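Data file: input03.cif. Format and content: mmCIF, C-alpha atoms and all ligand atoms.
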data_data
loop_
_atom_site.label_atom_id
_atom_site.label_comp_id
_atom_site.auth_asym_id
_atom_site.auth_seq_id
_atom_site.Cartn_x
_atom_site.Cartn_y
_atom_site.Cartn_z
CA MET O 26 -6.05 -5.38 21.75
CA ALA O 27 -4.16 -4.39 24.90
CA TYR O 28 -1.52 -1.71 25.32
CA THR O 29 0.84 -0.54 28.01
CA MET O 30 0.47 3.17 28.75
CA GLY O 31 2.56 4.81 31.47
CA GLY O 32 3.25 1.39 33.00
CA LEU O 33 -0.44 0.48 33.03
CA PHE O 34 -1.95 -2.33 31.03
CA ILE O 35 -4.90 -0.89 29.11
CA LYS O 36 -7.38 -2.73 26.93
CA MET O 37 -8.51 -0.63 23.99
CA ILE O 38 -12.16 -0.41 22.94
CA SER O 39 -12.79 -1.96 19.52
CA THR O 40 -14.44 0.12 16.80
CA SER O 41 -16.12 -3.16 15.71
CA ILE O 42 -14.91 -2.36 12.17
CA LYS O 43 -12.74 -5.14 10.76
CA GLY O 44 -9.34 -3.76 9.80
CA PHE O 45 -9.86 -0.33 11.42
CA ASP O 46 -8.60 -0.85 15.00
CA SER O 47 -5.08 -1.51 13.73
CA GLU O 48 -5.22 1.73 11.68
CA LEU O 49 -5.91 3.57 14.95
CA GLY O 50 -2.91 1.98 16.61
CA GLY O 51 -4.99 -0.64 18.45
CA GLY O 52 -8.44 0.84 19.05
CA ILE O 53 -10.03 3.57 21.15
CA PRO O 54 -8.43 4.39 24.52
CA PRO O 55 -11.07 3.75 27.22
CA GLY O 56 -12.48 6.93 28.74
CA SER O 57 -12.12 8.90 25.50
CA ILE O 58 -14.80 11.24 24.19
CA ILE O 59 -15.25 10.45 20.50
CA LEU O 60 -17.17 12.60 18.07
CA ILE O 61 -18.85 10.67 15.25
CA SER O 62 -19.50 13.28 12.63
CA GLY O 63 -21.20 13.17 9.23
CA THR O 64 -24.20 14.15 7.15
CA PRO O 65 -27.53 12.25 7.48
CA GLY O 66 -27.49 8.58 6.47
CA THR O 67 -23.73 8.09 6.80
CA PHE O 68 -24.06 5.29 9.46
CA LYS O 69 -23.37 7.45 12.53
CA SER O 70 -26.05 5.83 14.69
CA SER O 71 -25.28 2.41 13.19
CA LEU O 72 -21.58 2.66 14.00
CA ALA O 73 -22.21 3.81 17.58
CA PHE O 74 -24.68 0.96 18.07
CA SER O 75 -22.34 -1.58 16.47
CA ILE O 76 -19.55 -0.52 18.89
CA ILE O 77 -21.67 -1.00 22.02
CA HIS O 78 -23.31 -4.17 20.63
CA ASN O 79 -19.86 -5.64 20.01
CA ALA O 80 -18.63 -4.54 23.47
CA ALA O 81 -21.69 -6.18 25.08
CA LYS O 82 -21.25 -9.43 23.16
CA LYS O 83 -17.49 -9.82 23.30
CA GLU O 84 -16.58 -8.10 26.58
CA GLY O 85 -19.85 -8.12 28.55
CA HIS O 86 -19.63 -4.31 28.79
CA SER O 87 -22.73 -2.29 29.70
CA SER O 88 -23.67 0.81 27.74
CA LEU O 89 -26.23 3.57 27.81
CA TYR O 90 -27.60 4.87 24.52
CA ARG O 91 -29.24 8.30 25.01
CA LEU O 92 -31.47 8.60 22.02
CA LEU O 93 -32.84 12.04 21.37
CA GLU O 94 -33.65 11.92 17.65
CA GLN O 95 -35.94 8.94 17.23
CA SER O 96 -37.92 6.52 19.38
CA GLN O 97 -36.37 3.51 21.09
CA LYS O 98 -38.65 1.20 19.12
CA SER O 99 -37.62 2.73 15.80
CA LEU O 100 -33.87 2.55 16.58
CA LEU O 101 -33.96 -1.04 17.86
CA GLY O 102 -36.05 -2.12 14.84
CA GLN O 103 -33.53 -0.49 12.49
CA MET O 104 -30.51 -2.02 14.29
CA ASP O 105 -32.12 -5.46 14.31
CA LYS O 106 -32.53 -5.27 10.52
CA MET O 107 -28.93 -4.16 10.11
CA GLY O 108 -27.65 -7.22 11.98
CA TRP O 109 -27.46 -6.20 15.65
CA PRO O 110 -30.38 -7.87 17.42
CA MET O 111 -31.13 -7.35 21.10
CA ASP O 112 -30.62 -11.02 21.92
CA ASP O 113 -30.15 -12.35 25.46
CA ALA O 114 -26.40 -11.74 25.51
CA VAL O 115 -26.96 -8.07 24.69
CA ARG O 116 -30.28 -7.06 26.23
CA LYS O 117 -29.04 -6.88 29.80
CA ASN O 118 -26.06 -4.77 28.76
CA ILE O 119 -27.60 -2.08 26.57
CA ILE O 120 -30.05 0.50 27.88
CA VAL O 121 -31.61 2.66 25.19
CA SER O 122 -33.57 5.67 26.44
CA ASP O 123 -35.46 7.93 24.12
CA VAL O 124 -36.80 11.37 25.05
CA GLY O 125 -40.11 9.93 26.33
CA ARG O 126 -38.35 7.48 28.64
CA ILE O 127 -35.87 10.08 29.83
CA ARG O 128 -38.71 12.48 30.70
CA ALA O 129 -40.66 9.80 32.57
CA ALA O 130 -37.61 8.74 34.59
CA MET O 131 -36.72 12.35 35.32
CA GLU O 132 -40.17 13.09 36.71
CA LYS O 133 -39.91 10.10 38.98
CA PHE O 134 -36.69 10.77 40.75
CA SER O 135 -35.39 14.20 39.99
CA THR O 136 -36.25 17.47 41.63
CA GLU O 137 -34.24 19.46 39.10
CA ASN O 138 -36.38 21.65 36.93
CA ASP O 139 -34.01 22.28 34.08
CA TRP O 140 -33.74 19.57 31.47
CA LEU O 141 -29.96 19.32 31.29
CA SER O 142 -29.39 19.03 35.06
CA ALA O 143 -32.12 16.43 35.29
CA LEU O 144 -30.67 14.45 32.38
CA LYS O 145 -27.23 14.55 34.00
CA THR O 146 -28.60 13.29 37.33
CA TYR O 147 -30.37 10.46 35.50
CA VAL O 148 -27.25 9.43 33.52
CA GLU O 149 -25.08 9.57 36.65
CA TYR O 150 -27.57 7.34 38.44
CA LEU O 151 -27.52 4.78 35.59
CA VAL O 152 -23.73 4.87 35.22
CA GLY O 153 -23.43 4.20 38.97
CA GLU O 154 -26.21 1.64 39.15
CA ARG O 155 -25.58 -0.29 35.93
CA ARG O 156 -21.82 0.24 35.87
CA ALA O 157 -22.06 1.41 32.27
CA LYS O 158 -18.66 1.66 30.59
CA HIS O 159 -19.86 3.38 27.43
CA LEU O 160 -22.27 6.17 26.69
CA VAL O 161 -23.73 7.23 23.35
CA ILE O 162 -25.43 10.59 22.89
CA ASP O 163 -27.47 10.65 19.68
CA SER O 164 -27.25 13.46 18.92
CA LEU O 165 -25.26 16.44 20.16
CA PRO O 166 -27.25 19.08 18.16
CA VAL O 167 -30.56 17.78 19.51
CA MET O 168 -29.16 17.73 23.04
CA GLU O 169 -28.18 21.36 22.54
CA ILE O 170 -31.72 22.26 21.48
CA LEU O 171 -33.24 20.41 24.45
CA ALA O 172 -30.76 22.03 26.83
CA GLY O 173 -31.83 25.41 25.46
CA SER O 174 -28.57 27.03 26.55
CA PRO O 175 -28.09 30.57 25.26
CA ASN O 176 -24.29 30.33 25.34
CA LYS O 177 -23.06 27.47 23.15
CA ARG O 178 -19.42 27.75 24.22
CA GLU O 179 -20.18 27.66 27.91
CA TYR O 180 -22.65 24.83 27.43
CA LEU O 181 -20.16 22.72 25.47
CA PHE O 182 -17.35 23.25 27.97
CA GLY O 183 -19.69 22.29 30.80
CA LEU O 184 -20.90 19.24 28.90
CA PHE O 185 -17.39 17.95 28.16
CA GLU O 186 -16.28 18.57 31.74
CA TRP O 187 -19.23 16.55 32.99
CA LEU O 188 -18.63 13.74 30.45
CA ARG O 189 -15.02 13.46 31.61
CA SER O 190 -16.13 13.22 35.22
CA LEU O 191 -18.34 10.22 34.30
CA GLY O 192 -15.31 8.21 33.21
CA THR O 193 -17.22 6.40 30.43
CA THR O 194 -16.00 6.07 26.87
CA THR O 195 -18.43 8.44 25.19
CA PHE O 196 -19.62 8.59 21.59
CA LEU O 197 -21.16 11.91 20.64
CA ILE O 198 -23.03 11.92 17.38
CA SER O 199 -22.73 15.20 15.54
CA GLU O 200 -24.61 16.22 12.42
CA LYS O 201 -21.80 18.52 11.47
CA SER O 202 -19.41 17.43 8.83
CA SER O 203 -15.91 18.87 8.97
CA GLN O 204 -15.60 18.50 5.20
CA ASN O 205 -16.59 21.99 4.25
CA VAL O 206 -17.04 23.98 7.45
CA ASP O 207 -14.55 25.41 9.89
CA TYR O 208 -13.66 22.95 12.60
CA ALA O 209 -16.40 23.11 15.17
CA GLU O 210 -15.67 23.65 18.85
CA GLU O 211 -16.67 20.11 19.74
CA GLU O 212 -13.93 18.81 17.47
CA PHE O 213 -11.35 20.70 19.52
CA LEU O 214 -12.80 19.45 22.79
CA ALA O 215 -13.19 15.78 21.80
CA ASP O 216 -10.36 13.26 22.23
CA GLY O 217 -11.17 11.71 18.89
CA VAL O 218 -13.08 12.51 15.72
CA PHE O 219 -14.38 9.90 13.28
CA GLN O 220 -15.66 11.42 10.09
CA LEU O 221 -18.22 9.53 7.99
CA THR O 222 -19.04 10.48 4.41
CA LEU O 223 -21.06 9.46 1.37
CA THR O 224 -18.67 10.29 -1.44
CA PRO O 225 -19.79 10.48 -5.11
CA ILE O 226 -18.01 8.00 -7.40
CA GLY O 227 -18.50 9.16 -10.97
CA ASP O 228 -22.01 10.35 -11.81
CA VAL O 229 -24.06 7.52 -10.38
CA ASP O 230 -22.46 5.90 -7.35
CA LEU O 231 -21.81 6.86 -3.77
CA GLN O 232 -19.21 5.24 -1.55
CA ARG O 233 -19.47 5.19 2.22
CA ARG O 234 -16.22 6.27 3.81
CA ILE O 235 -14.61 6.72 7.20
CA ARG O 236 -11.50 8.39 8.51
CA CYS O 237 -10.09 9.17 11.89
CA ILE O 238 -9.06 12.81 11.86
CA LYS O 239 -8.02 12.88 15.51
CA LEU O 240 -7.34 10.39 18.31
CA ARG O 241 -5.46 11.65 21.34
CA GLY O 242 -2.64 9.44 22.55
CA MET O 243 -2.56 7.24 19.44
CA ALA O 244 -0.33 7.29 16.36
CA HIS O 245 -3.29 6.72 14.05
CA ASN O 246 -3.67 6.67 10.32
CA THR O 247 -5.64 9.66 8.96
CA SER O 248 -6.40 8.08 5.57
CA MET O 249 -9.89 7.76 4.19
CA PHE O 250 -11.18 4.15 3.95
CA ALA O 251 -14.23 2.69 2.24
CA LEU O 252 -16.70 1.53 4.90
CA GLU O 253 -18.60 -1.64 4.07
CA LEU O 254 -21.40 -3.36 5.99
CA LYS O 255 -22.25 -7.01 5.39
CA SER O 256 -24.49 -9.12 7.66
CA GLY O 257 -23.99 -6.87 10.66
CA LYS O 258 -20.21 -6.63 10.26
CA PHE O 259 -18.43 -3.42 9.33
CA ARG O 260 -15.09 -3.57 7.53
CA VAL O 261 -12.75 -1.09 5.92
CA ALA O 262 -11.21 -1.42 2.47
CA PRO O 263 -9.00 0.94 0.47
CA ALA O 264 -11.02 3.92 -0.80
CA ILE O 265 -11.29 4.04 -4.58
N1 LIG E 1 -30.59 -3.23 6.51
C1 LIG E 1 -29.71 -2.32 6.09
N2 LIG E 1 -28.46 -2.69 5.69
C2 LIG E 1 -27.57 -1.78 5.28
N3 LIG E 1 -27.81 -0.44 5.26
C3 LIG E 1 -29.01 -0.03 5.64
C4 LIG E 1 -30.02 -0.91 6.10
N4 LIG E 1 -31.10 -0.18 6.45
C5 LIG E 1 -30.78 1.11 6.22
N5 LIG E 1 -29.54 1.21 5.73
C6 LIG E 1 -28.81 2.45 5.41
O1 LIG E 1 -28.48 3.06 6.65
C7 LIG E 1 -28.73 4.46 6.58
C8 LIG E 1 -29.08 5.00 7.95
O2 LIG E 1 -28.02 4.73 8.84
P1 LIG E 1 -27.90 5.55 10.19
O3 LIG E 1 -26.85 4.89 11.00
O4 LIG E 1 -29.25 5.70 10.82
O5 LIG E 1 -27.39 6.95 9.65
P2 LIG E 1 -27.16 8.33 10.43
O6 LIG E 1 -27.29 8.06 11.90
O7 LIG E 1 -25.79 8.76 10.02
O8 LIG E 1 -28.20 9.27 9.90
C9 LIG E 1 -29.88 4.58 5.64
O9 LIG E 1 -29.88 5.86 5.03
C10 LIG E 1 -29.63 3.45 4.65
O10 LIG E 1 -28.83 3.92 3.58
MG MG E 2 -28.69 8.80 13.30
#

Just give me the structure as structure tokens.
Ligand SMILES: Nc1ncnc2c1ncn2[C@@H]1O[C@H](COP(=O)(O)OP(=O)(O)O)[C@@H](O)[C@H]1O
Ligand SMILES: [Mg+2]
Amino acid sequence: MAYTMGGLFIKMISTSIKGFDSELGGGIPPGSIILISGTPGTFKSSLAFSIIHNAAKKEGHSSLYRLLEQSQKSLLGQMDKMGWPMDDAVRKNIIVSDVGRIRAAMEKFSTENDWLSALKTYVEYLVGERRAKHLVIDSLPVMEILAGSPNKREYLFGLFEWLRSLGTTTFLISEKSSQNVDYAEEEFLADGVFQLTLTPIGDVDLQRRIRCIKLRGMAHNTSMFALELKSGKFRVAPAI
């Protein structure tokens, strides 16, 4: 979907979830930093991958997926089973780097000795070289551990400032759920927050849900929707 903003014609990034883009007012404004937040197993990694898979297939967009929590092989195997294979149309547009790959690349061409600076240099190189439009960081808490920064506030400000300078649409995966904790700093800093939940229905069932609690520049719906996945396609339905 395309929108006119300040006289400019802007094409929104699709969430790849059927029925959800229109609830956001058209989709995600390109260049936004979006936090995907939820407890384990709520489809955070799956949603981020589905977004870049869809962007590669439909728009030919390139993306970088910085994977810090599991191996590249394990993620791609999981995503293939869920309905997002790395077929020819996608392979050239998605670069997935796990910690091992990031370390190897860093040793090769970076003289920086701290992990975060080296990672930044590497991402900047790939964004420039591969013209990546989207970036996924999976996950923010693990990145924080690897960065080993003693001052969380300073580190987060620096990180967001750097992400903005990249100009990519960025998806930051956060293990924090804003359901029962005070709003975390990253939620203030991000342009958008998608919250994913597994909500008990009666005594036996759980329903997967999604809501957009923030999206700068868009008159979005904040309602909770049921999130369904069938043959590699996400869709929203009214929450029961
Ligand atoms: N083939 C599949 N189809 C649908 N759901 C699946 C499939 N394989 C795993 N799952 C579900 O996906 C969940 C993991 O999704 P993931 O995106 O990795 O979650 P998160 O990143 O939030 O921890 C699993 O806990 C499981 O419930
Ligand atoms: Mg995950």

Please identify all polymer residues within 12 Å of stretch 137-149 of chain O, counting only C-alpha atoms, omitting same-chain residues fewer than 3 positions from it, and present them as a VMD selection string. chain O and resid 88 to 93 120 to 124 126 to 134 152 to 162 167 to 174 180 to 181 183 to 193

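When all atoms listed in the file are used to compute distances to ligand MG 2 (chain E), the closest of the residues O:Glu211, O:Asp228, O:Glu48, O:Asp163 turns out to be O:Asp163.
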
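With only C-alpha atoms taken into account, the protein and nucleic acid residues at most 6 Å from stretch 67-75 of chain O (excluding it and anything under 2 positions from it in its own chain) are Pro65, Ile77, His78, Asn79, Leu221 and Thr222 of chain O.
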
For O:Ile59, find every residue with an atom within 12 Å (counting all atoms listed in the file), except residues of its own chain fewer than 3 positions away, and show them as an mmCIF file with C-alpha atoms, in the frame of the given file.
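Output file selection09.cif follows:
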data_model
loop_
_atom_site.group_PDB
_atom_site.id
_atom_site.type_symbol
_atom_site.label_atom_id
_atom_site.label_comp_id
_atom_site.auth_asym_id
_atom_site.auth_seq_id
_atom_site.Cartn_x
_atom_site.Cartn_y
_atom_site.Cartn_z
ATOM 1 C CA ILE O 38 -12.160 -0.410 22.940
ATOM 2 C CA THR O 40 -14.440 0.120 16.800
ATOM 3 C CA GLY O 52 -8.440 0.840 19.050
ATOM 4 C CA ILE O 53 -10.030 3.570 21.150
ATOM 5 C CA PRO O 54 -8.430 4.390 24.520
ATOM 6 C CA PRO O 55 -11.070 3.750 27.220
ATOM 7 C CA GLY O 56 -12.480 6.930 28.740
ATOM 8 C CA SER O 62 -19.500 13.280 12.630
ATOM 9 C CA LYS O 69 -23.370 7.450 12.530
ATOM 10 C CA LEU O 72 -21.580 2.660 14.000
ATOM 11 C CA ALA O 73 -22.210 3.810 17.580
ATOM 12 C CA ILE O 76 -19.550 -0.520 18.890
ATOM 13 C CA HIS O 159 -19.860 3.380 27.430
ATOM 14 C CA LEU O 160 -22.270 6.170 26.690
ATOM 15 C CA VAL O 161 -23.730 7.230 23.350
ATOM 16 C CA ILE O 162 -25.430 10.590 22.890
ATOM 17 C CA LEU O 165 -25.260 16.440 20.160
ATOM 18 C CA PHE O 185 -17.390 17.950 28.160
ATOM 19 C CA LEU O 188 -18.630 13.740 30.450
ATOM 20 C CA ARG O 189 -15.020 13.460 31.610
ATOM 21 C CA THR O 193 -17.220 6.400 30.430
ATOM 22 C CA THR O 194 -16.000 6.070 26.870
ATOM 23 C CA THR O 195 -18.430 8.440 25.190
ATOM 24 C CA PHE O 196 -19.620 8.590 21.590
ATOM 25 C CA LEU O 197 -21.160 11.910 20.640
ATOM 26 C CA ILE O 198 -23.030 11.920 17.380
ATOM 27 C CA SER O 199 -22.730 15.200 15.540
ATOM 28 C CA GLU O 211 -16.670 20.110 19.740
ATOM 29 C CA GLU O 212 -13.930 18.810 17.470
ATOM 30 C CA PHE O 213 -11.350 20.700 19.520
ATOM 31 C CA LEU O 214 -12.800 19.450 22.790
ATOM 32 C CA ALA O 215 -13.190 15.780 21.800
ATOM 33 C CA ASP O 216 -10.360 13.260 22.230
ATOM 34 C CA GLY O 217 -11.170 11.710 18.890
ATOM 35 C CA VAL O 218 -13.080 12.510 15.720
ATOM 36 C CA PHE O 219 -14.380 9.900 13.280
ATOM 37 C CA GLN O 220 -15.660 11.420 10.090
ATOM 38 C CA CYS O 237 -10.090 9.170 11.890
ATOM 39 C CA ILE O 238 -9.060 12.810 11.860
ATOM 40 C CA LYS O 239 -8.020 12.880 15.510
ATOM 41 C CA LEU O 240 -7.340 10.390 18.310
ATOM 42 C CA ARG O 241 -5.460 11.650 21.340
#

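In this model, the gap between atom CA of O:Lys43 and atom CA of O:Pro166 comes to 29.2 Å.
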
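Restricting the calculation to all atoms listed in the file, the smallest distance between ligand MG 2 (chain E) and any of O:Phe34, O:Ser164, O:Gln97, O:Arg116 is found for O:Ser164.
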
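Considering only C-alpha atoms, the residue among O:Gly85, O:Gly44, O:Gly51, O:Pro225 positioned nearest to O:Ala244 is O:Gly51.
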
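In this structure, atom CA of O:Ser99 sits 21.0 Å away from atom CA of O:Ser87.
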
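Using all atoms listed in the file, the shortest contact distance between ligand MG 2 (chain E) and any of O:Gln95, O:Glu84, O:Gly50, O:Ala264 is found at O:Gln95.
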
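Closest approach to ligand MG 2 (chain E) among O:Leu33, O:Ile235, O:Leu100, O:Ala81 is made by O:Leu100 (distances from all atoms listed in the file).
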
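Of the residues under consideration (O:Gln232, O:Ser39, O:Ser256, O:Asn176), O:Ser256 shows the shortest atom-to-atom contact distance to ligand LIG 1 (chain E) when counting all atoms listed in the file.
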
What separation in Å, quoted to one decimal, exists between atom C10 of ligand LIG 1 (chain E) and atom CA of O:Ser57? 27.8 Å

Non-local contacts of O:Gly108 (9 Å; all atoms listed in the file; under 4 positions in same chain excluded) as a PyMOL selection string: chain O and resi 75+103-104+255-258
